[in-house]
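What follows is the content of protein_19.cif, which has mmCIF, C-alpha atoms, pLDDT in the B column; chains and numbers go by the auth columns:
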```cif
data_protein
loop_
_atom_site.group_PDB
_atom_site.id
_atom_site.type_symbol
_atom_site.label_atom_id
_atom_site.label_comp_id
_atom_site.label_asym_id
_atom_site.label_seq_id
_atom_site.Cartn_x
_atom_site.Cartn_y
_atom_site.Cartn_z
_atom_site.B_iso_or_equiv
_atom_site.auth_seq_id
_atom_site.auth_asym_id
ATOM 1 C CA MET A 1 18.502 6.563 -3.527 70.00 1 A
ATOM 2 C CA LEU A 2 18.234 2.955 -4.721 74.00 2 A
ATOM 3 C CA GLU A 3 16.447 0.251 -2.709 76.00 3 A
ATOM 4 C CA LEU A 4 15.379 2.463 0.203 79.00 4 A
ATOM 5 C CA ASN A 5 13.786 0.454 3.021 77.00 5 A
ATOM 6 C CA VAL A 6 10.398 1.926 3.945 77.00 6 A
ATOM 7 C CA GLY A 7 9.508 -0.436 6.780 74.00 7 A
ATOM 8 C CA ARG A 8 9.978 2.106 9.552 78.00 8 A
ATOM 9 C CA ASP A 9 7.776 4.746 7.904 79.00 9 A
ATOM 10 C CA LEU A 10 4.936 2.279 7.324 78.00 10 A
ATOM 11 C CA ARG A 11 5.579 0.381 10.572 77.00 11 A
ATOM 12 C CA GLU A 12 6.056 -2.871 8.722 79.00 12 A
ATOM 13 C CA LYS A 13 7.271 -5.568 11.057 73.00 13 A
ATOM 14 C CA ARG A 14 8.421 -8.742 9.345 69.00 14 A
ATOM 15 C CA ALA A 15 8.679 -8.250 5.609 66.00 15 A
ATOM 16 C CA ALA A 16 9.693 -4.611 5.458 69.00 16 A
ATOM 17 C CA THR A 17 9.740 -3.488 1.863 76.00 17 A
ATOM 18 C CA SER A 18 11.966 -1.181 -0.084 84.00 18 A
ATOM 19 C CA VAL A 19 11.263 1.110 -3.016 89.00 19 A
ATOM 20 C CA ASP A 20 13.386 0.639 -6.115 91.00 20 A
ATOM 21 C CA LEU A 21 14.198 4.328 -6.465 93.00 21 A
ATOM 22 C CA TYR A 22 13.446 7.243 -4.132 94.00 22 A
ATOM 23 C CA LEU A 23 13.808 10.828 -5.346 95.00 23 A
ATOM 24 C CA ARG A 24 13.412 14.005 -3.303 93.00 24 A
ATOM 25 C CA THR A 25 13.524 17.600 -4.536 93.00 25 A
ATOM 26 C CA ALA A 26 15.111 20.525 -2.726 93.00 26 A
ATOM 27 C CA GLN A 27 11.534 21.691 -2.005 91.00 27 A
ATOM 28 C CA GLY A 28 10.797 18.406 -0.200 92.00 28 A
ATOM 29 C CA LYS A 29 8.613 16.752 -2.838 94.00 29 A
ATOM 30 C CA ALA A 30 9.057 12.975 -3.025 95.00 30 A
ATOM 31 C CA CYS A 31 8.747 10.358 -5.755 96.00 31 A
ATOM 32 C CA THR A 32 8.976 6.590 -5.482 94.00 32 A
ATOM 33 C CA VAL A 33 9.700 4.588 -8.633 95.00 33 A
ATOM 34 C CA GLU A 34 8.952 0.895 -9.067 92.00 34 A
ATOM 35 C CA PHE A 35 10.698 -0.830 -11.966 92.00 35 A
ATOM 36 C CA LYS A 36 8.716 -3.685 -13.513 90.00 36 A
ATOM 37 C CA PHE A 37 10.562 -4.829 -16.600 88.00 37 A
ATOM 38 C CA THR A 38 9.831 -8.543 -16.276 84.00 38 A
ATOM 39 C CA GLU A 39 8.040 -9.051 -12.921 82.00 39 A
ATOM 40 C CA LEU A 40 4.278 -9.199 -13.446 80.00 40 A
ATOM 41 C CA GLY A 41 1.760 -7.276 -11.331 79.00 41 A
ATOM 42 C CA LEU A 42 2.057 -4.807 -8.500 80.00 42 A
ATOM 43 C CA GLY A 43 2.673 -7.273 -5.708 77.00 43 A
ATOM 44 C CA GLN A 44 -0.219 -8.661 -3.745 79.00 44 A
ATOM 45 C CA CYS A 45 -0.662 -8.588 0.000 83.00 45 A
ATOM 46 C CA ARG A 46 0.556 -11.847 1.553 83.00 46 A
ATOM 47 C CA GLN A 47 -2.021 -11.927 4.361 84.00 47 A
ATOM 48 C CA PRO A 48 -4.633 -14.049 2.513 85.00 48 A
ATOM 49 C CA GLU A 49 -2.080 -16.788 1.788 86.00 49 A
ATOM 50 C CA LEU A 50 -0.965 -16.662 5.437 85.00 50 A
ATOM 51 C CA GLY A 51 -4.581 -17.147 6.579 84.00 51 A
ATOM 52 C CA ASN A 52 -4.902 -13.735 8.241 83.00 52 A
ATOM 53 C CA CYS A 53 -7.680 -12.527 5.913 80.00 53 A
ATOM 54 C CA ASP A 54 -9.716 -13.650 2.918 80.00 54 A
ATOM 55 C CA GLY A 55 -8.676 -10.817 0.586 78.00 55 A
ATOM 56 C CA SER A 56 -12.032 -9.014 0.706 74.00 56 A
ATOM 57 C CA TYR A 57 -12.529 -5.403 1.685 64.00 57 A
ATOM 58 C CA ASP A 58 -15.134 -5.919 4.351 64.00 58 A
ATOM 59 C CA SER A 59 -14.955 -9.410 5.804 70.00 59 A
ATOM 60 C CA SER A 60 -16.757 -9.175 9.133 75.00 60 A
ATOM 61 C CA GLN A 61 -15.296 -12.569 10.121 78.00 61 A
ATOM 62 C CA TYR A 62 -11.731 -11.286 9.854 76.00 62 A
ATOM 63 C CA ILE A 63 -12.514 -7.872 11.357 77.00 63 A
ATOM 64 C CA GLN A 64 -13.857 -9.698 14.408 81.00 64 A
ATOM 65 C CA ARG A 65 -10.872 -12.063 14.428 81.00 65 A
ATOM 66 C CA ASN A 66 -8.526 -9.056 14.297 79.00 66 A
ATOM 67 C CA GLN A 67 -10.175 -7.419 17.312 83.00 67 A
ATOM 68 C CA GLY A 68 -12.043 -4.779 15.295 79.00 68 A
ATOM 69 C CA TYR A 69 -9.175 -3.796 13.036 78.00 69 A
ATOM 70 C CA LEU A 70 -9.755 -3.752 9.267 73.00 70 A
ATOM 71 C CA SER A 71 -6.868 -6.116 8.731 78.00 71 A
ATOM 72 C CA TYR A 72 -4.320 -8.208 10.533 82.00 72 A
ATOM 73 C CA LEU A 73 -1.655 -5.701 9.487 81.00 73 A
ATOM 74 C CA SER A 74 -3.534 -2.880 11.239 81.00 74 A
ATOM 75 C CA LYS A 75 -3.831 -5.046 14.328 83.00 75 A
ATOM 76 C CA VAL A 76 -0.049 -5.446 14.498 84.00 76 A
ATOM 77 C CA GLY A 77 0.569 -1.726 13.917 84.00 77 A
ATOM 78 C CA THR A 78 1.240 -1.450 10.179 85.00 78 A
ATOM 79 C CA ARG A 79 0.002 1.957 9.017 85.00 79 A
ATOM 80 C CA TYR A 80 -1.494 1.090 5.608 84.00 80 A
ATOM 81 C CA TRP A 81 -5.126 1.781 6.519 82.00 81 A
ATOM 82 C CA HIS A 82 -4.272 4.853 8.608 85.00 82 A
ATOM 83 C CA LEU A 83 -2.139 6.500 5.922 89.00 83 A
ATOM 84 C CA GLY A 84 -4.412 5.299 3.123 87.00 84 A
ATOM 85 C CA ALA A 85 -7.395 7.015 4.736 86.00 85 A
ATOM 86 C CA GLN A 86 -5.365 10.125 5.572 88.00 86 A
ATOM 87 C CA TYR A 87 -4.383 10.621 1.917 89.00 87 A
ATOM 88 C CA GLY A 88 -7.709 9.520 0.396 85.00 88 A
ATOM 89 C CA LEU A 89 -6.272 6.317 -1.071 85.00 89 A
ATOM 90 C CA LEU A 90 -8.309 3.822 0.982 80.00 90 A
ATOM 91 C CA ASP A 91 -11.824 4.238 2.331 74.00 91 A
ATOM 92 C CA PRO A 92 -12.299 2.467 5.675 67.00 92 A
ATOM 93 C CA ALA A 93 -15.925 3.654 5.695 63.00 93 A
ATOM 94 C CA LYS A 94 -16.731 1.016 3.050 60.00 94 A
ATOM 95 C CA VAL A 95 -16.394 -1.587 5.780 53.00 95 A
ATOM 96 C CA ALA A 96 -19.641 -0.297 7.287 49.00 96 A
ATOM 97 C CA ASP A 97 -21.551 -1.583 4.228 51.00 97 A
ATOM 98 C CA SER A 98 -22.366 -5.115 5.347 49.00 98 A
ATOM 99 C CA ARG A 99 -24.645 -6.113 2.435 50.00 99 A
ATOM 100 C CA ALA A 100 -23.658 -9.516 1.075 51.00 100 A
ATOM 101 C CA ASP A 101 -23.467 -8.150 -2.478 51.00 101 A
ATOM 102 C CA ALA A 102 -21.136 -5.324 -1.398 51.00 102 A
ATOM 103 C CA ILE A 103 -18.144 -7.573 -0.758 54.00 103 A
ATOM 104 C CA GLN A 104 -15.246 -6.640 -2.996 66.00 104 A
ATOM 105 C CA ARG A 105 -11.561 -7.404 -3.208 72.00 105 A
ATOM 106 C CA CYS A 106 -9.361 -5.393 -0.891 78.00 106 A
ATOM 107 C CA PRO A 107 -7.420 -2.721 -2.814 78.00 107 A
ATOM 108 C CA LEU A 108 -4.331 -3.635 -0.807 80.00 108 A
ATOM 109 C CA ASN A 109 -4.608 -7.150 -2.151 79.00 109 A
ATOM 110 C CA ILE A 110 -4.804 -5.907 -5.747 76.00 110 A
ATOM 111 C CA PHE A 111 -2.458 -2.863 -5.754 83.00 111 A
ATOM 112 C CA HIS A 112 -0.375 -3.556 -2.653 84.00 112 A
ATOM 113 C CA GLN A 113 3.027 -2.405 -3.892 86.00 113 A
ATOM 114 C CA ALA A 114 1.759 0.710 -5.686 89.00 114 A
ATOM 115 C CA LEU A 115 -0.355 1.888 -2.736 89.00 115 A
ATOM 116 C CA ARG A 116 2.429 1.178 -0.260 88.00 116 A
ATOM 117 C CA ASN A 117 4.965 3.140 -2.319 90.00 117 A
ATOM 118 C CA LEU A 118 2.560 6.054 -2.825 93.00 118 A
ATOM 119 C CA MET A 119 1.740 6.215 0.901 91.00 119 A
ATOM 120 C CA PHE A 120 5.453 6.276 1.664 91.00 120 A
ATOM 121 C CA ALA A 121 6.110 9.140 -0.786 93.00 121 A
ATOM 122 C CA LYS A 122 3.243 11.187 0.615 92.00 122 A
ATOM 123 C CA LYS A 123 4.361 10.602 4.192 91.00 123 A
ATOM 124 C CA ARG A 124 8.021 11.392 3.489 91.00 124 A
ATOM 125 C CA SER A 125 7.118 14.590 1.657 93.00 125 A
ATOM 126 C CA GLY A 126 5.023 15.806 4.577 90.00 126 A
ATOM 127 C CA GLU A 127 2.035 16.159 2.268 88.00 127 A
ATOM 128 C CA ASP A 128 -1.000 17.823 3.774 87.00 128 A
ATOM 129 C CA PRO A 129 -4.073 15.908 2.511 80.00 129 A
ATOM 130 C CA ASP A 130 -5.849 19.223 1.869 82.00 130 A
ATOM 131 C CA GLY A 131 -2.867 20.899 0.223 83.00 131 A
ATOM 132 C CA GLU A 132 -0.541 20.575 -2.727 87.00 132 A
ATOM 133 C CA THR A 133 0.370 17.106 -4.032 89.00 133 A
ATOM 134 C CA ARG A 134 3.905 16.486 -2.828 91.00 134 A
ATOM 135 C CA GLY A 135 4.317 12.713 -3.003 93.00 135 A
ATOM 136 C CA ILE A 136 3.934 10.648 -6.166 94.00 136 A
ATOM 137 C CA PHE A 137 4.429 7.075 -7.367 94.00 137 A
ATOM 138 C CA VAL A 138 5.807 6.197 -10.802 94.00 138 A
ATOM 139 C CA LEU A 139 5.648 2.792 -12.459 93.00 139 A
ATOM 140 C CA ALA A 140 8.473 2.205 -14.935 92.00 140 A
ATOM 141 C CA ALA A 141 7.860 -0.645 -17.373 90.00 141 A
ATOM 142 C CA ASP A 142 8.513 -1.356 -21.037 88.00 142 A
ATOM 143 C CA GLU A 143 7.344 -3.801 -23.698 87.00 143 A
ATOM 144 C CA ARG A 144 9.091 -6.709 -21.947 86.00 144 A
ATOM 145 C CA ASN A 145 6.330 -6.697 -19.323 83.00 145 A
ATOM 146 C CA SER A 146 3.030 -7.807 -20.843 82.00 146 A
ATOM 147 C CA ALA A 147 1.123 -7.005 -17.618 78.00 147 A
ATOM 148 C CA PHE A 148 1.299 -3.271 -18.308 75.00 148 A
ATOM 149 C CA TRP A 149 1.030 -3.147 -22.139 72.00 149 A
#
```
How would this structure read if it were set down as structure tokens?
Amino acid sequence: MLELNVGRDLREKRAATSVDLYLRTAQGKACTVEFKFTELGLGQCRQPELGNCDGSYDSSQYIQRNQGYLSYLSKVGTRYWHLGAQYGLLDPAKVADSRADAIQRCPLNIFHQALRNLMFAKKRSGEDPDGETRGIFVLAADERNSAFW
């Protein structure tokens, strides 16, 4: 299926995204494909530019501002952190490390599109985090895109 909207699965509210190509086997395994022939990068989270976070992984200022949630998106019900933790893609426990030198960029800010598409594939395939890998993400790019070569 081309351009499948994944907003409902990830509980995205405003800017619900779509995957470029969604494949599903008869056995229920799922694959999302992102085509990047000329567009650079894997899409960054828009929350820092909107002023809802500073793009770091453990900003106590923004966690407090978002009523204890790791991000504004979690506060409004988006399931990135929940699904990311469930499938071992994001580690919310890192937030507990409050040392000043431990601050690092949020993985959602760096790999937003790839993580989002992988979470969707794993959720749609019904993958058990302790079982067989059933959901995968594929990046399709060629020499036209210098970001990946």
Rank nothing, just name the residue among A:Gln113, A:Gln86, A:Ser56, A:Ser71 nearest to Asp130 of chain A, using only C-alpha atoms. A:Gln86
Top pick for closest residue to Arg105 of chain A, considering A:Cys45, A:Leu73, A:Leu40, A:Ala121 and counting only C-alpha atoms: A:Cys45
Evaluate the PyMOL selection byres ((chain A and resi 127) around 12) here and jot the selected residues down as a PyMOL selection string. chain A and resi 27-31+83+86-88+118-126+128-136
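Across the model, the gap from atom CA of Arg8 of chain A to atom CA of His82 of chain A is 14.5 Å.
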Do you know which residues the PyMOL selection byres ((chain A and resi 2) around 10) returns on this file, as a PyMOL selection string? chain A and resi 1+3-5+18-23+32-33
Just give me the gap between atom CA of Glu49 of chain A and atom CA of Gln61 of chain A in Å, one decimal is fine. 16.2 Å
Could you check the closest approach to Gly41 of chain A for each of A:Cys53, A:Val6, A:Ile110, A:Ala140 and tell me which residue wins, using only C-alpha atoms? A:Ile110
Provide the atom CA of Leu90 of chain A to atom CA of Ala26 of chain A distance in Å, to one decimal place. 29.0 Å
Because some atoms of segment 24-55 of chain A are absent here, can you restore N, CA and C atoms and send them as a PDB file, in the coordinates of the input?
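Okay, rebuild-v7.pdb is ready:
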```
ATOM      1  N   ARG A  24      13.935  12.910  -4.112  1.00 93.00           N
ATOM      2  CA  ARG A  24      13.412  14.005  -3.303  1.00 93.00           C
ATOM      3  C   ARG A  24      13.968  15.320  -3.846  1.00 93.00           C
ATOM      4  N   THR A  25      13.088  16.304  -4.029  1.00 93.00           N
ATOM      5  CA  THR A  25      13.524  17.600  -4.536  1.00 93.00           C
ATOM      6  C   THR A  25      14.009  18.481  -3.391  1.00 93.00           C
ATOM      7  N   ALA A  26      14.655  19.562  -3.735  1.00 93.00           N
ATOM      8  CA  ALA A  26      15.111  20.525  -2.726  1.00 93.00           C
ATOM      9  C   ALA A  26      13.919  21.137  -1.984  1.00 93.00           C
ATOM     10  N   GLN A  27      12.749  21.148  -2.629  1.00 91.00           N
ATOM     11  CA  GLN A  27      11.534  21.691  -2.005  1.00 91.00           C
ATOM     12  C   GLN A  27      10.829  20.654  -1.134  1.00 91.00           C
ATOM     13  N   GLY A  28      11.358  19.434  -1.064  1.00 92.00           N
ATOM     14  CA  GLY A  28      10.797  18.406  -0.200  1.00 92.00           C
ATOM     15  C   GLY A  28       9.778  17.493  -0.855  1.00 92.00           C
ATOM     16  N   LYS A  29       9.524  17.657  -2.150  1.00 94.00           N
ATOM     17  CA  LYS A  29       8.613  16.752  -2.838  1.00 94.00           C
ATOM     18  C   LYS A  29       9.290  15.398  -2.997  1.00 94.00           C
ATOM     19  N   ALA A  30       8.486  14.319  -2.984  1.00 95.00           N
ATOM     20  CA  ALA A  30       9.057  12.975  -3.025  1.00 95.00           C
ATOM     21  C   ALA A  30       8.405  12.139  -4.120  1.00 95.00           C
ATOM     22  N   CYS A  31       9.215  11.257  -4.712  1.00 96.00           N
ATOM     23  CA  CYS A  31       8.747  10.358  -5.755  1.00 96.00           C
ATOM     24  C   CYS A  31       9.340   8.977  -5.509  1.00 96.00           C
ATOM     25  N   THR A  32       8.479   7.962  -5.531  1.00 94.00           N
ATOM     26  CA  THR A  32       8.976   6.590  -5.482  1.00 94.00           C
ATOM     27  C   THR A  32       8.768   5.979  -6.858  1.00 94.00           C
ATOM     28  N   VAL A  33       9.757   5.223  -7.319  1.00 95.00           N
ATOM     29  CA  VAL A  33       9.700   4.588  -8.633  1.00 95.00           C
ATOM     30  C   VAL A  33       9.815   3.086  -8.442  1.00 95.00           C
ATOM     31  N   GLU A  34       8.916   2.355  -9.073  1.00 92.00           N
ATOM     32  CA  GLU A  34       8.952   0.895  -9.067  1.00 92.00           C
ATOM     33  C   GLU A  34       9.247   0.439 -10.488  1.00 92.00           C
ATOM     34  N   PHE A  35      10.326  -0.309 -10.659  1.00 92.00           N
ATOM     35  CA  PHE A  35      10.698  -0.830 -11.966  1.00 92.00           C
ATOM     36  C   PHE A  35      10.105  -2.223 -12.148  1.00 92.00           C
ATOM     37  N   LYS A  36       9.358  -2.403 -13.218  1.00 90.00           N
ATOM     38  CA  LYS A  36       8.716  -3.685 -13.513  1.00 90.00           C
ATOM     39  C   LYS A  36       9.001  -4.052 -14.965  1.00 90.00           C
ATOM     40  N   PHE A  37      10.211  -4.485 -15.231  1.00 88.00           N
ATOM     41  CA  PHE A  37      10.562  -4.829 -16.600  1.00 88.00           C
ATOM     42  C   PHE A  37      10.180  -6.262 -16.950  1.00 88.00           C
ATOM     43  N   THR A  38      10.230  -7.161 -15.995  1.00 84.00           N
ATOM     44  CA  THR A  38       9.831  -8.543 -16.276  1.00 84.00           C
ATOM     45  C   THR A  38       8.869  -9.089 -15.214  1.00 84.00           C
ATOM     46  N   GLU A  39       8.911  -8.577 -14.005  1.00 82.00           N
ATOM     47  CA  GLU A  39       8.040  -9.051 -12.921  1.00 82.00           C
ATOM     48  C   GLU A  39       6.609  -8.589 -13.169  1.00 82.00           C
ATOM     49  N   LEU A  40       5.672  -9.527 -13.161  1.00 80.00           N
ATOM     50  CA  LEU A  40       4.278  -9.199 -13.446  1.00 80.00           C
ATOM     51  C   LEU A  40       3.574  -8.656 -12.202  1.00 80.00           C
ATOM     52  N   GLY A  41       2.621  -7.759 -12.403  1.00 79.00           N
ATOM     53  CA  GLY A  41       1.760  -7.276 -11.331  1.00 79.00           C
ATOM     54  C   GLY A  41       2.418  -6.268 -10.411  1.00 79.00           C
ATOM     55  N   LEU A  42       1.608  -5.807  -9.469  1.00 80.00           N
ATOM     56  CA  LEU A  42       2.057  -4.807  -8.500  1.00 80.00           C
ATOM     57  C   LEU A  42       2.176  -5.386  -7.098  1.00 80.00           C
ATOM     58  N   GLY A  43       2.471  -6.643  -7.004  1.00 77.00           N
ATOM     59  CA  GLY A  43       2.673  -7.273  -5.708  1.00 77.00           C
ATOM     60  C   GLY A  43       1.405  -7.336  -4.901  1.00 77.00           C
ATOM     61  N   GLN A  44       0.977  -8.508  -4.553  1.00 79.00           N
ATOM     62  CA  GLN A  44      -0.219  -8.661  -3.745  1.00 79.00           C
ATOM     63  C   GLN A  44       0.139  -8.786  -2.275  1.00 79.00           C
ATOM     64  N   CYS A  45      -0.809  -8.419  -1.439  1.00 83.00           N
ATOM     65  CA  CYS A  45      -0.662  -8.588   0.000  1.00 83.00           C
ATOM     66  C   CYS A  45      -0.542 -10.081   0.312  1.00 83.00           C
ATOM     67  N   ARG A  46       0.328 -10.445   1.209  1.00 83.00           N
ATOM     68  CA  ARG A  46       0.556 -11.847   1.553  1.00 83.00           C
ATOM     69  C   ARG A  46      -0.394 -12.368   2.631  1.00 83.00           C
ATOM     70  N   GLN A  47      -1.179 -11.505   3.240  1.00 84.00           N
ATOM     71  CA  GLN A  47      -2.021 -11.927   4.361  1.00 84.00           C
ATOM     72  C   GLN A  47      -3.049 -13.000   4.008  1.00 84.00           C
ATOM     73  N   PRO A  48      -3.703 -12.959   2.824  1.00 85.00           N
ATOM     74  CA  PRO A  48      -4.633 -14.049   2.513  1.00 85.00           C
ATOM     75  C   PRO A  48      -3.950 -15.415   2.460  1.00 85.00           C
ATOM     76  N   GLU A  49      -2.767 -15.490   1.863  1.00 86.00           N
ATOM     77  CA  GLU A  49      -2.080 -16.788   1.788  1.00 86.00           C
ATOM     78  C   GLU A  49      -1.575 -17.244   3.150  1.00 86.00           C
ATOM     79  N   LEU A  50      -1.386 -16.315   4.081  1.00 85.00           N
ATOM     80  CA  LEU A  50      -0.965 -16.662   5.437  1.00 85.00           C
ATOM     81  C   LEU A  50      -2.154 -16.992   6.340  1.00 85.00           C
ATOM     82  N   GLY A  51      -3.376 -16.826   5.815  1.00 84.00           N
ATOM     83  CA  GLY A  51      -4.581 -17.147   6.579  1.00 84.00           C
ATOM     84  C   GLY A  51      -5.050 -16.050   7.509  1.00 84.00           C
ATOM     85  N   ASN A  52      -4.512 -14.835   7.362  1.00 83.00           N
ATOM     86  CA  ASN A  52      -4.902 -13.735   8.241  1.00 83.00           C
ATOM     87  C   ASN A  52      -6.081 -12.922   7.724  1.00 83.00           C
ATOM     88  N   CYS A  53      -6.488 -13.156   6.474  1.00 80.00           N
ATOM     89  CA  CYS A  53      -7.680 -12.527   5.913  1.00 80.00           C
ATOM     90  C   CYS A  53      -8.094 -13.316   4.684  1.00 80.00           C
ATOM     91  N   ASP A  54      -9.246 -12.941   4.111  1.00 80.00           N
ATOM     92  CA  ASP A  54      -9.716 -13.650   2.918  1.00 80.00           C
ATOM     93  C   ASP A  54      -9.572 -12.816   1.655  1.00 80.00           C
ATOM     94  N   GLY A  55      -8.916 -11.656   1.753  1.00 78.00           N
ATOM     95  CA  GLY A  55      -8.676 -10.817   0.586  1.00 78.00           C
ATOM     96  C   GLY A  55      -9.831  -9.919   0.204  1.00 78.00           C
TER      97      GLY A  55
END
```
